[in-house]
>>> print(open('upload04.tsv').read())   # TSV, C-alpha atoms and all ligand atoms
chain	number	residue	atom	x	y	z
A	191	MET	CA	-8.43	3.88	16.27
A	192	ALA	CA	-6.58	0.84	17.62
A	193	ARG	CA	-8.23	-2.43	16.69
A	194	ARG	CA	-7.14	-5.76	18.20
A	195	LYS	CA	-5.83	-8.04	15.52
A	196	LEU	CA	-7.72	-11.27	14.82
A	197	ILE	CA	-6.01	-14.31	13.34
A	198	ALA	CA	-8.66	-16.80	12.26
A	199	GLY	CA	-8.13	-20.23	10.74
A	200	ASN	CA	-10.51	-21.99	8.37
A	201	TRP	CA	-10.06	-25.74	8.09
A	202	LYS	CA	-12.65	-26.02	5.27
A	203	MET	CA	-13.45	-29.72	4.55
A	204	ASN	CA	-10.22	-30.93	6.13
A	205	GLY	CA	-9.26	-32.56	9.39
A	206	ASN	CA	-10.53	-35.29	11.66
A	207	ARG	CA	-10.36	-36.05	15.36
A	208	ALA	CA	-6.72	-37.04	15.08
A	209	ALA	CA	-5.90	-33.64	13.58
A	210	LEU	CA	-7.22	-31.88	16.71
A	211	VAL	CA	-3.82	-32.53	18.28
A	212	GLU	CA	-2.67	-29.45	16.30
A	213	LEU	CA	-4.94	-27.30	18.46
A	214	ASP	CA	-2.82	-27.83	21.59
A	215	SER	CA	0.12	-25.75	20.31
A	216	ILE	CA	-2.22	-23.26	18.63
A	217	ALA	CA	-4.05	-22.71	21.94
A	218	ALA	CA	-0.71	-22.30	23.71
A	219	ALA	CA	0.42	-19.72	21.14
A	220	ALA	CA	-2.89	-17.87	21.56
A	221	LEU	CA	-2.42	-17.81	25.31
A	222	ALA	CA	1.07	-16.36	24.80
A	223	ALA	CA	-0.37	-13.57	22.65
A	224	PRO	CA	-2.86	-11.83	24.96
A	225	GLY	CA	-2.88	-8.67	22.84
A	226	ILE	CA	-4.56	-10.34	19.86
A	227	ASP	CA	-7.49	-12.68	19.22
A	228	VAL	CA	-7.09	-16.16	17.74
A	229	ALA	CA	-9.91	-18.32	16.40
A	230	ILE	CA	-10.34	-21.45	14.30
A	231	ALA	CA	-13.35	-22.53	12.24
A	232	VAL	CA	-13.56	-26.28	11.86
A	233	PRO	CA	-15.95	-28.70	10.12
A	234	ALA	CA	-19.23	-29.02	12.01
A	235	THR	CA	-18.42	-32.54	13.19
A	236	LEU	CA	-15.29	-31.27	14.95
A	237	ILE	CA	-16.78	-28.27	16.77
A	238	ALA	CA	-17.74	-30.14	19.93
A	239	PRO	CA	-14.55	-32.19	20.31
A	240	ALA	CA	-12.39	-29.15	19.46
A	241	ALA	CA	-14.21	-26.91	21.93
A	242	SER	CA	-13.84	-29.44	24.72
A	243	LYS	CA	-10.19	-30.16	23.89
A	244	VAL	CA	-9.09	-26.49	23.95
A	245	PRO	CA	-11.72	-24.60	25.97
A	246	ASP	CA	-9.70	-21.37	25.96
A	247	LEU	CA	-9.45	-21.20	22.16
A	248	SER	CA	-12.28	-19.67	20.15
A	249	ILE	CA	-13.69	-22.49	17.99
A	250	GLY	CA	-16.17	-21.63	15.27
A	251	ALA	CA	-18.29	-22.97	12.43
A	252	GLU	CA	-17.62	-22.47	8.72
A	253	ASP	CA	-21.25	-21.71	7.88
A	254	VAL	CA	-24.70	-21.52	9.49
A	255	HIS	CA	-28.19	-21.51	7.99
A	256	GLN	CA	-30.15	-18.28	8.04
A	257	ASP	CA	-33.12	-19.92	9.82
A	258	ASP	CA	-33.06	-21.21	13.38
A	259	SER	CA	-34.82	-24.48	12.55
A	260	GLY	CA	-36.99	-26.03	9.88
A	261	ALA	CA	-37.18	-28.33	6.89
A	262	HIS	CA	-33.66	-27.82	5.53
A	263	THR	CA	-32.15	-31.29	5.30
A	264	GLY	CA	-28.43	-31.29	5.88
A	265	CYS	CA	-28.18	-27.70	7.10
A	266	ILE	CA	-27.05	-26.58	10.55
A	267	SER	CA	-28.33	-23.55	12.46
A	268	ALA	CA	-26.43	-20.96	14.48
A	269	GLY	CA	-28.10	-22.17	17.68
A	270	MET	CA	-26.91	-25.70	16.93
A	271	VAL	CA	-23.27	-24.74	16.41
A	272	LYS	CA	-23.41	-22.56	19.51
A	273	GLU	CA	-24.68	-25.48	21.55
A	274	ALA	CA	-21.83	-27.59	20.15
A	275	GLY	CA	-19.35	-25.01	21.44
A	276	ALA	CA	-18.87	-22.58	18.55
A	277	ARG	CA	-18.28	-18.96	19.50
A	278	PHE	CA	-18.47	-17.67	15.93
A	279	SER	CA	-19.17	-18.63	12.33
A	280	ILE	CA	-17.73	-17.68	8.99
A	281	VAL	CA	-20.50	-16.57	6.61
A	282	GLY	CA	-20.41	-15.93	2.88
A	283	HIS	CA	-17.09	-17.61	2.12
A	284	SER	CA	-16.48	-17.42	-1.63
A	285	GLU	CA	-16.41	-21.21	-1.87
A	286	ARG	CA	-19.97	-21.29	-0.54
A	287	ARG	CA	-21.03	-18.33	-2.68
A	288	ALA	CA	-19.75	-20.35	-5.67
A	289	ASP	CA	-20.49	-23.99	-4.74
A	290	GLN	CA	-23.78	-23.45	-2.88
A	291	HIS	CA	-24.86	-20.41	-4.92
A	292	GLU	CA	-25.24	-18.28	-1.80
A	293	THR	CA	-26.43	-14.76	-2.56
A	294	ASP	CA	-25.71	-11.56	-0.66
A	295	ALA	CA	-29.21	-11.80	0.83
A	296	ASP	CA	-28.49	-15.34	2.06
A	297	VAL	CA	-25.22	-14.19	3.61
A	298	LYS	CA	-26.94	-11.26	5.33
A	299	GLY	CA	-29.49	-13.70	6.77
A	300	LYS	CA	-26.74	-16.00	8.02
A	301	ALA	CA	-24.93	-13.14	9.76
A	302	GLU	CA	-28.22	-12.06	11.35
A	303	ALA	CA	-28.78	-15.66	12.52
A	304	ALA	CA	-25.37	-15.51	14.22
A	305	LEU	CA	-26.31	-12.28	15.99
A	306	ARG	CA	-29.69	-13.69	17.06
A	307	ASN	CA	-27.94	-16.69	18.56
A	308	HIS	CA	-25.19	-14.72	20.27
A	309	ILE	CA	-22.21	-15.90	18.30
A	310	ALA	CA	-19.77	-13.71	16.38
A	311	ALA	CA	-19.47	-13.73	12.59
A	312	ILE	CA	-16.76	-13.26	9.99
A	313	LEU	CA	-18.39	-12.06	6.79
A	314	CYS	CA	-16.37	-12.77	3.63
A	315	VAL	CA	-16.28	-10.72	0.44
A	316	GLY	CA	-13.98	-10.77	-2.56
A	317	GLU	CA	-13.78	-10.45	-6.31
A	318	THR	CA	-12.85	-13.01	-8.98
A	319	LEU	CA	-9.84	-12.57	-11.23
A	320	ALA	CA	-12.08	-11.73	-14.19
A	321	GLN	CA	-13.75	-8.98	-12.16
A	322	ARG	CA	-10.36	-7.59	-11.08
A	323	ASP	CA	-9.05	-7.68	-14.64
A	324	ALA	CA	-12.16	-5.83	-15.78
A	325	GLY	CA	-11.45	-3.07	-13.24
A	326	GLU	CA	-14.53	-4.01	-11.22
A	327	ALA	CA	-12.88	-5.27	-8.03
A	328	GLU	CA	-13.90	-2.34	-5.81
A	329	SER	CA	-17.42	-2.04	-7.15
A	330	VAL	CA	-18.01	-5.80	-6.79
A	331	VAL	CA	-16.72	-5.91	-3.22
A	332	THR	CA	-18.53	-2.78	-2.04
A	333	ALA	CA	-21.74	-4.14	-3.59
A	334	GLN	CA	-21.22	-7.37	-1.62
A	335	ILE	CA	-20.85	-5.30	1.55
A	336	ALA	CA	-23.98	-3.32	0.72
A	337	GLY	CA	-25.97	-6.52	0.08
A	338	SER	CA	-24.68	-8.76	2.84
A	339	LEU	CA	-23.99	-6.48	5.83
A	340	PRO	CA	-26.46	-7.60	8.50
A	341	ASP	CA	-28.88	-5.35	10.32
A	342	GLY	CA	-27.32	-4.71	13.71
A	343	ALA	CA	-23.77	-4.86	12.33
A	344	ALA	CA	-21.40	-3.88	15.13
A	345	ALA	CA	-17.70	-4.33	15.72
A	346	GLY	CA	-18.25	-6.28	18.93
A	347	TRP	CA	-19.50	-9.32	17.08
A	348	LEU	CA	-18.85	-8.84	13.35
A	349	SER	CA	-15.63	-8.79	11.34
A	350	ILE	CA	-15.23	-8.51	7.58
A	351	ALA	CA	-12.77	-10.68	5.63
A	352	TYR	CA	-11.58	-9.47	2.25
A	353	GLU	CA	-10.56	-12.54	0.29
A	354	PRO	CA	-9.83	-12.08	-3.40
A	355	VAL	CA	-11.09	-15.34	-4.95
A	356	TRP	CA	-7.99	-15.63	-7.13
A	357	ALA	CA	-5.73	-15.56	-4.07
A	358	ILE	CA	-7.47	-18.38	-2.18
A	359	GLY	CA	-5.50	-21.62	-2.16
A	360	THR	CA	-3.46	-20.50	-5.16
A	361	GLY	CA	-0.26	-19.36	-3.50
A	362	ARG	CA	-0.91	-15.94	-5.05
A	363	THR	CA	-1.49	-13.02	-2.70
A	364	ALA	CA	-2.68	-9.55	-3.51
A	365	THR	CA	-0.03	-6.84	-3.26
A	366	CYS	CA	-0.03	-4.80	-0.07
A	367	GLU	CA	-1.05	-1.75	-2.13
A	368	ASP	CA	-4.08	-3.56	-3.56
A	369	VAL	CA	-5.04	-4.85	-0.12
A	370	ALA	CA	-4.71	-1.40	1.47
A	371	ALA	CA	-6.80	0.17	-1.30
A	372	MET	CA	-9.54	-2.44	-0.97
A	373	HIS	CA	-9.64	-2.32	2.82
A	374	ASN	CA	-9.91	1.45	2.61
A	375	ALA	CA	-12.80	1.13	0.14
A	376	ILE	CA	-14.53	-1.41	2.40
A	377	ARG	CA	-14.16	0.86	5.43
A	378	ALA	CA	-15.54	3.80	3.47
A	379	LYS	CA	-18.56	1.71	2.48
A	380	LEU	CA	-19.03	0.59	6.09
A	381	ARG	CA	-18.87	4.21	7.24
A	382	GLU	CA	-21.59	5.09	4.77
A	383	MET	CA	-23.75	2.29	6.18
A	384	ILE	CA	-23.03	2.24	9.93
A	385	GLY	CA	-21.23	5.51	10.62
A	386	THR	CA	-18.43	5.65	13.17
A	387	GLU	CA	-18.98	1.99	14.15
A	388	ALA	CA	-17.03	1.27	10.96
A	389	ASP	CA	-13.86	2.60	12.56
A	390	ALA	CA	-13.95	-0.13	15.20
A	391	MET	CA	-14.81	-2.99	12.82
A	392	ARG	CA	-12.00	-5.37	11.94
A	393	ILE	CA	-11.25	-6.04	8.30
A	394	LEU	CA	-9.20	-9.20	7.81
A	395	TYR	CA	-7.27	-10.19	4.72
A	396	GLY	CA	-7.46	-13.75	3.42
A	397	GLY	CA	-5.93	-15.61	0.49
A	398	SER	CA	-2.70	-17.63	0.67
A	399	VAL	CA	-1.54	-16.07	3.94
A	400	THR	CA	1.59	-17.95	5.08
A	401	PRO	CA	4.29	-17.57	7.74
A	402	ASP	CA	6.40	-15.88	5.03
A	403	ASN	CA	3.99	-13.10	4.05
A	404	ALA	CA	1.97	-12.66	7.25
A	405	ALA	CA	4.09	-9.94	8.87
A	406	MET	CA	4.05	-7.83	5.71
A	407	LEU	CA	0.31	-8.19	5.16
A	408	LEU	CA	-0.48	-7.55	8.83
A	409	ALA	CA	1.59	-4.36	8.75
A	410	THR	CA	-0.51	-3.05	5.85
A	411	LYS	CA	-2.77	-0.11	6.61
A	412	ASP	CA	-6.32	-1.08	7.58
A	413	VAL	CA	-5.47	-4.81	7.80
A	414	ASP	CA	-6.77	-5.94	11.19
A	415	GLY	CA	-5.94	-9.61	10.94
A	416	ALA	CA	-6.01	-12.60	8.65
A	417	LEU	CA	-8.33	-15.42	7.63
A	418	VAL	CA	-6.07	-18.37	6.95
A	419	GLY	CA	-7.01	-21.56	5.12
A	420	GLY	CA	-4.24	-23.99	4.19
A	421	ALA	CA	-1.72	-22.63	6.66
A	422	SER	CA	-4.14	-23.05	9.58
A	423	LEU	CA	-4.19	-26.84	9.27
A	424	THR	CA	-0.96	-27.35	11.17
A	425	ALA	CA	0.45	-25.63	14.23
A	426	ALA	CA	3.82	-25.52	12.45
A	427	LYS	CA	2.40	-23.05	9.94
A	428	PHE	CA	-0.33	-21.33	11.95
A	429	VAL	CA	1.67	-20.53	15.10
A	430	PRO	CA	4.21	-18.33	13.23
A	431	ILE	CA	1.27	-16.34	11.80
A	432	ILE	CA	-0.10	-15.83	15.33
A	433	GLU	CA	3.38	-14.72	16.41
A	434	ALA	CA	3.66	-12.32	13.47
A	435	ALA	CA	0.42	-10.66	14.62
A	436	ARG	CA	1.54	-10.66	18.24
A	437	ASP	CA	4.81	-8.96	17.31
A	438	GLN	CA	3.25	-6.14	15.27
A	439	PRO	CA	4.20	-2.75	16.74
A	501	LIG	P1	-6.04	-20.05	1.86
A	501	LIG	O1	-7.61	-19.91	2.16
A	501	LIG	O2	-5.32	-19.41	3.01
A	501	LIG	O3	-5.80	-21.52	1.76
A	501	LIG	O4	-5.78	-19.33	0.57
A	501	LIG	C1	-8.12	-18.75	2.75
A	501	LIG	C2	-9.61	-18.87	2.89
A	501	LIG	O5	-10.26	-19.37	1.97
A	501	LIG	O6	-10.19	-18.48	3.93
>>> encode(input="upload04.tsv", output="structure tokens")
Amino acid sequence: MARRKLIAGNWKMNGNRAALVELDSIAAAALAAPGIDVAIAVPATLIAPAASKVPDLSIGAEDVHQDDSGAHTGCISAGMVKEAGARFSIVGHSERRADQHETDADVKGKAEAALRNHIAAILCVGETLAQRDAGEAESVVTAQIAGSLPDGAAAGWLSIAYEPVWAIGTGRTATCEDVAAMHNAIRAKLREMIGTEADAMRILYGGSVTPDNAAMLLATKDVDGALVGGASLTAAKFVPIIEAARDQP
């Protein structure tokens, strides 16, 4: 089954209004690549200015709360980011699973909040180096899928991102063989849970994706796009990744 590639950026806790100038060339590159999807998740404070600066580019949030409102000081709901102009949110990024102690159940709730509020979601999973070294990578990741896949999971609004924790921001990427094996295991788990819908669901790879390795990773079997951190902060690095996806056969 042919799946449209998705190249998504994740600015994390980086950027300010001045940095939004980068979005002009990124939006232009997206426009010149009509066969793929391009999206960028920015800090909550930048969602509204980013969405109004580049209305054709899909701007998203990096996290949403599982509830729609309530006594949760400092948190932001899916309805709020949607109103600010977000079309999607990342949920369950490993930095939040680690720093904010988010559990699979929390992540499931966040994805369901996205669905309820009519925004898309990119659900992140990935193992630590210790888990990989112990031979537990596949069991850890498939357990994360089992625990955090939302009710109502469907390819039209949900993508999965496989991001080995040891490859994030380290300059180390998984080998294409390891990525292909994990994406295959994730798709098998999805098939078990949602049947043939799994064949349409995009599975992105994330972790030190750069202009140098993007084409190779994107050509790997079952890799339907990339979630890009550091290299999404500048158009100079992100545009070549968009072009690598655009130019895939
Ligand atoms: P990185 O981050 O590309 O800087 O490794 C990826 C991510 O955490 O989404």
>>> closest_residue(input="upload04.tsv", among="A:Val369, A:Leu213, A:Ala310, A:Val281", to="Gly396 of chain A", atoms="all atoms listed in the file")
A:Val369
>>> closest_atom_pairs(input="upload04.tsv", of="chain A", to="ligand LIG 501 (chain A)", cutoff="7 Å", atoms="only C-alpha atoms and all ligand atoms", output="tab-separated table")
residue	atom	partner	partner_atom	distance
A:Asn200	CA	A:LIG501	O6	5.7
A:Glu353	CA	A:LIG501	C2	6.9
A:Ala357	CA	A:LIG501	O4	6.0
A:Ile358	CA	A:LIG501	O4	3.4
A:Gly359	CA	A:LIG501	O4	3.6
A:Thr360	CA	A:LIG501	O4	6.3
A:Gly361	CA	A:LIG501	O4	6.9
A:Gly396	CA	A:LIG501	C1	5.1
A:Gly397	CA	A:LIG501	O4	3.7
A:Ser398	CA	A:LIG501	O4	3.5
A:Val399	CA	A:LIG501	O2	5.1
A:Leu417	CA	A:LIG501	O6	5.1
A:Val418	CA	A:LIG501	O2	4.1
A:Gly419	CA	A:LIG501	O1	3.4
A:Gly420	CA	A:LIG501	O3	3.8
A:Ala421	CA	A:LIG501	O2	6.1
>>> residues_near_point(input="upload04.tsv", point="(-22.1, -4.3, 1.0)", cutoff="10 Å", atoms="all atoms listed in the file", output="PDB file with C-alpha atoms, in the coordinates of the input")
ATOM      1  CA  ASP A 294     -25.710 -11.560  -0.660  1.00  0.00           C
ATOM      2  CA  LYS A 298     -26.940 -11.260   5.330  1.00  0.00           C
ATOM      3  CA  VAL A 315     -16.280 -10.720   0.440  1.00  0.00           C
ATOM      4  CA  SER A 329     -17.420  -2.040  -7.150  1.00  0.00           C
ATOM      5  CA  VAL A 330     -18.010  -5.800  -6.790  1.00  0.00           C
ATOM      6  CA  VAL A 331     -16.720  -5.910  -3.220  1.00  0.00           C
ATOM      7  CA  THR A 332     -18.530  -2.780  -2.040  1.00  0.00           C
ATOM      8  CA  ALA A 333     -21.740  -4.140  -3.590  1.00  0.00           C
ATOM      9  CA  GLN A 334     -21.220  -7.370  -1.620  1.00  0.00           C
ATOM     10  CA  ILE A 335     -20.850  -5.300   1.550  1.00  0.00           C
ATOM     11  CA  ALA A 336     -23.980  -3.320   0.720  1.00  0.00           C
ATOM     12  CA  GLY A 337     -25.970  -6.520   0.080  1.00  0.00           C
ATOM     13  CA  SER A 338     -24.680  -8.760   2.840  1.00  0.00           C
ATOM     14  CA  LEU A 339     -23.990  -6.480   5.830  1.00  0.00           C
ATOM     15  CA  PRO A 340     -26.460  -7.600   8.500  1.00  0.00           C
ATOM     16  CA  ILE A 376     -14.530  -1.410   2.400  1.00  0.00           C
ATOM     17  CA  LYS A 379     -18.560   1.710   2.480  1.00  0.00           C
ATOM     18  CA  LEU A 380     -19.030   0.590   6.090  1.00  0.00           C
ATOM     19  CA  MET A 383     -23.750   2.290   6.180  1.00  0.00           C
TER      20      MET A 383
END
>>> axis_aligned_box(input="upload04.tsv", around="segment 249-252 of chain A", padding_each_side="3 Å", output="JSON")
{"center_x": -16.0, "center_y": -22.3, "center_z": 13.4, "size_x": 10.6, "size_y": 7.3, "size_z": 15.3}
>>> atom_distance(input="upload04.tsv", atom1="atom CA of Asp368 of chain A", atom2="atom CA of Asp402 of chain A")
18.3 Å
